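Have a look at final18.cif; it's mmCIF, C-alpha atoms:
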data_query
loop_
_atom_site.label_atom_id
_atom_site.label_comp_id
_atom_site.auth_asym_id
_atom_site.auth_seq_id
_atom_site.Cartn_x
_atom_site.Cartn_y
_atom_site.Cartn_z
CA MET A 1 -10.48 13.72 -0.92
CA SER A 2 -9.71 11.52 2.06
CA ASP A 3 -6.82 10.87 4.39
CA THR A 4 -4.18 8.50 3.00
CA SER A 5 -2.22 5.94 5.01
CA TYR A 6 1.40 4.98 4.41
CA ARG A 7 4.10 2.83 5.98
CA ALA A 8 7.69 4.08 5.86
CA ASP A 9 10.51 1.57 6.40
CA LEU A 10 13.67 3.25 7.63
CA ASP A 11 16.61 1.02 8.49
CA GLU A 12 15.09 -1.67 10.74
CA ARG A 13 12.10 0.44 11.86
CA SER A 14 8.65 0.91 10.34
CA PHE A 15 6.37 3.88 10.85
CA ASP A 16 2.66 3.87 10.01
CA CYS A 17 1.32 7.34 9.33
CA THR A 18 -1.61 9.14 7.79
CA VAL A 19 -1.39 12.21 5.58
CA THR A 20 -4.50 14.25 6.29
CA ASP A 21 -6.47 16.33 3.80
CA ASP A 22 -5.10 19.53 5.34
CA GLY A 23 -1.45 18.44 4.83
CA GLY A 24 -0.89 17.18 8.35
CA LEU A 25 1.11 14.05 9.08
CA VAL A 26 -0.19 11.88 11.90
CA LEU A 27 1.82 8.97 13.27
CA ASP A 28 -0.52 6.04 13.87
CA GLU A 29 1.31 5.14 17.05
CA ALA A 30 2.87 7.15 19.83
CA PRO A 31 6.26 8.53 18.75
CA PRO A 32 9.35 7.63 20.77
CA GLU A 33 10.05 9.88 23.74
CA GLY A 34 11.52 13.19 22.61
CA ALA A 35 10.32 12.74 19.00
CA ALA A 36 8.19 15.30 17.19
CA THR A 37 4.47 15.11 17.81
CA ASP A 38 3.04 17.81 15.50
CA ILE A 39 4.14 17.52 11.87
CA SER A 40 2.72 19.08 8.71
CA VAL A 41 4.03 18.70 5.16
CA GLU A 42 3.81 21.00 2.15
CA ARG A 43 5.29 20.45 -1.30
CA VAL A 44 7.23 23.59 -2.29
CA GLY A 45 8.61 22.39 -5.61
CA PRO A 46 9.60 19.28 -7.52
CA GLY A 47 11.53 17.12 -5.08
CA TYR A 48 11.32 19.60 -2.19
CA LEU A 49 9.11 19.60 0.89
CA SER A 50 8.65 22.05 3.71
CA LEU A 51 8.02 20.33 7.03
CA ILE A 52 6.72 22.13 10.09
CA VAL A 53 7.87 19.99 13.01
CA ASP A 54 6.60 21.11 16.42
CA GLY A 55 6.41 24.67 15.08
CA MET A 56 9.86 24.74 13.45
CA SER A 57 10.43 24.83 9.68
CA VAL A 58 12.58 22.06 8.21
CA SER A 59 13.42 21.63 4.51
CA ALA A 60 13.61 18.20 2.93
CA ALA A 61 14.81 17.08 -0.49
CA VAL A 62 13.21 13.90 -1.82
CA GLU A 63 14.73 11.99 -4.74
CA PRO A 64 12.83 9.01 -6.13
CA LEU A 65 14.93 5.89 -6.59
CA ASP A 66 13.47 2.67 -7.99
CA GLY A 67 10.01 1.38 -7.14
CA ASN A 68 8.81 2.79 -3.84
CA ARG A 69 12.23 3.81 -2.47
CA TYR A 70 13.31 7.41 -1.94
CA ARG A 71 16.50 9.19 -0.91
CA VAL A 72 15.56 11.85 1.64
CA THR A 73 17.95 14.60 2.74
CA ILE A 74 17.11 16.66 5.83
CA ASN A 75 19.65 19.08 7.31
CA GLY A 76 22.44 17.49 5.25
CA ARG A 77 21.65 13.98 6.53
CA MET A 78 20.78 11.58 3.73
CA THR A 79 18.86 8.34 4.21
CA GLU A 80 16.88 5.91 2.08
CA VAL A 81 13.24 5.30 2.88
CA GLN A 82 10.91 2.67 1.46
CA VAL A 83 7.29 3.85 1.40
CA LYS A 84 4.24 1.61 1.06
CA ASP A 85 0.87 3.08 0.21
CA GLU A 86 -2.50 1.60 1.19
CA ARG A 87 -2.53 -0.68 -1.87
CA ALA A 88 0.92 -2.12 -1.11
CA MET A 89 -0.05 -2.69 2.53
CA LEU A 90 -3.27 -4.41 1.41
CA LEU A 91 -1.33 -6.69 -0.95
CA GLU A 92 1.09 -7.45 1.88
CA SER A 93 -1.88 -8.44 4.07
CA PHE A 94 -2.87 -10.93 1.32
CA GLY A 95 0.60 -12.43 1.51
CA LEU A 96 1.59 -10.78 -1.78
CA GLU A 97 4.11 -8.08 -2.56
CA ALA A 98 3.28 -5.17 -4.87
CA ASP A 99 6.14 -6.20 -7.14
CA ALA A 100 5.45 -9.92 -6.99
CA ASP A 101 7.87 -12.23 -8.78
CA ALA A 102 6.88 -14.85 -11.34
CA GLY A 103 5.11 -17.95 -10.04
CA GLU A 104 1.91 -18.79 -8.28
CA ALA A 105 -0.03 -16.05 -6.49
CA GLU A 106 -3.08 -16.51 -4.31
CA ILE A 107 -5.55 -13.68 -3.92
CA ARG A 108 -7.15 -13.99 -0.49
CA ALA A 109 -9.89 -12.03 1.27
CA PRO A 110 -8.34 -9.33 3.46
CA MET A 111 -11.46 -9.39 5.68
CA PRO A 112 -14.88 -11.08 5.75
CA GLY A 113 -17.13 -9.82 2.98
CA LEU A 114 -19.48 -10.42 0.10
CA VAL A 115 -18.28 -11.06 -3.46
CA LEU A 116 -20.08 -8.45 -5.58
CA ASP A 117 -18.47 -9.19 -8.93
CA VAL A 118 -15.86 -11.51 -10.42
CA LEU A 119 -14.17 -9.50 -13.18
CA VAL A 120 -12.15 -12.34 -14.79
CA SER A 121 -12.59 -15.91 -15.99
CA LYS A 122 -10.33 -18.93 -15.75
CA GLY A 123 -7.66 -18.72 -18.46
CA ASP A 124 -7.83 -14.93 -18.80
CA THR A 125 -4.57 -13.06 -19.22
CA VAL A 126 -4.35 -10.13 -16.80
CA ALA A 127 -2.07 -7.11 -16.52
CA ALA A 128 -0.49 -5.80 -13.35
CA ASP A 129 -3.05 -3.85 -11.31
CA GLU A 130 -5.96 -5.16 -13.40
CA GLY A 131 -9.11 -5.68 -11.35
CA LEU A 132 -9.91 -9.31 -10.55
CA LEU A 133 -12.80 -9.21 -8.11
CA VAL A 134 -14.96 -6.73 -6.18
CA LEU A 135 -15.43 -7.53 -2.50
CA GLU A 136 -17.83 -5.61 -0.27
CA ALA A 137 -16.52 -5.40 3.27
CA MET A 138 -17.56 -3.02 6.03
CA LYS A 139 -19.98 -1.24 3.64
CA MET A 140 -17.15 -0.44 1.22
CA GLU A 141 -16.47 -1.89 -2.22
CA ASN A 142 -12.86 -3.05 -2.62
CA GLU A 143 -11.49 -4.02 -6.00
CA LEU A 144 -8.77 -6.64 -5.62
CA SER A 145 -6.16 -6.37 -8.37
CA ALA A 146 -3.51 -8.59 -9.92
CA PRO A 147 -0.08 -8.08 -8.29
CA GLY A 148 1.56 -8.57 -11.68
CA PRO A 149 0.89 -9.77 -15.22
CA GLY A 150 -0.16 -13.38 -15.60
CA THR A 151 -2.94 -15.89 -16.21
CA VAL A 152 -5.97 -16.72 -14.07
CA GLU A 153 -5.48 -20.35 -13.02
CA ALA A 154 -8.53 -20.86 -10.79
CA ILE A 155 -11.48 -18.95 -9.37
CA HIS A 156 -12.82 -20.25 -6.07
CA VAL A 157 -15.81 -17.91 -5.57
CA SER A 158 -18.87 -16.65 -7.42
CA GLU A 159 -20.86 -13.45 -7.32
CA GLY A 160 -22.96 -13.36 -4.13
CA ASP A 161 -20.66 -15.64 -2.10
CA ALA A 162 -19.97 -14.64 1.51
CA VAL A 163 -16.30 -15.19 2.37
CA GLU A 164 -14.30 -15.25 5.57
CA LYS A 165 -11.00 -13.47 6.15
CA ASP A 166 -8.11 -15.22 4.34
CA ALA A 167 -10.48 -17.24 2.11
CA LEU A 168 -8.80 -18.21 -1.15
CA LEU A 169 -10.53 -16.26 -3.92
CA ILE A 170 -8.39 -16.50 -7.07
CA GLU A 171 -5.17 -18.23 -8.08
CA LEU A 172 -2.84 -16.65 -10.64
CA ASP A 173 0.21 -17.86 -12.53
CA LEU A 174 2.40 -14.74 -12.72
CA ASP A 175 4.65 -14.11 -15.73
CA ALA A 176 8.41 -13.95 -15.42
#
I'd like the structure from this file rewritten - as structure tokens, please.
Amino acid sequence: MSDTSYRADLDERSFDCTVTDDGGLVLDEAPPEGAATDISVERVGPGYLSLIVDGMSVSAAVEPLDGNRYRVTINGRMTEVQVKDERAMLLESFGLEADADAGEAEIRAPMPGLVLDVLVSKGDTVAADEGLLVLEAMKMENELSAPGPGTVEAIHVSEGDAVEKDALLIELDLDA
């Protein structure tokens, strides 16, 4: 298992954090002055978490709403939080949203890399999250997936092509 990164949007603020294998929560930037610096999280039941914040125990109730939004209640204070996982953040870096609307979508290289495999052909019908292309970048294989159901309109690369960051790889026509 490996650490997992998330972005939480709360009101007008965003927080990037990493949940570590041992249950720790690490903010990827320095917290505001006076904010907690040592946080660990443990699931204690469906919809309930136990947080240890700077050595103090805090209970949290988490209720899923729609999509990636949650209602979180801590010490009687309720707030809504939108959470993006690594996949959603990667799609966002491509200029796509995880719940992309109908229309044209461009799949672009998130970083320089080598096209290992093109998994679709022009005219193919694809489902949401279906793999489109495998890109090797920084010695890791990354499968780029369709942001929603649709049809492959154009493929701009072939297996073995070296691509630069933001290179247009595949164009999709997303269903309504």
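Taking CA of Val53 (chain A) and CA of Val41 (chain A) as the two end points, the separation is 8.8 Å.
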**Asked** Expanded to explicit residues, what is the PyMOL selection byres ((chain A and resi 117-129) around 9) for this file, as an NGL selection string?
**Response** :A and (115-116 or 130-135 or 144-155 or 157-160)
**Explicit residue set for the PyMOL selection byres ((chain A and resi 72) around 7), as a list of chain:residue names** = A:Ala60, A:Ala61, A:Val62, A:Glu63, A:Tyr70, A:Arg71, A:Thr73, A:Ile74, A:Met78, A:Thr79, A:Glu80
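Interatomic distance, CA of Glu106 (chain A) to CA of Tyr6 (chain A): 23.6 Å.
Residues matched by the PyMOL selection byres ((chain A and resi 107) around 6) in this structure: Glu106, Arg108, Leu169 and Ile170 of chain A.
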With C-alpha atoms retained, could you export that selection as a CSV table (one decimal), keeping the file's coordinate frame?
chain,number,residue,atom,x,y,z
A,106,GLU,CA,-3.1,-16.5,-4.3
A,108,ARG,CA,-7.2,-14.0,-0.5
A,169,LEU,CA,-10.5,-16.3,-3.9
A,170,ILE,CA,-8.4,-16.5,-7.1
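Counting all atoms listed in the file, the residue from A:Val81, A:Val44, A:Ala137, A:Val58 that sits nearest to Val163 (chain A) is A:Ala137.
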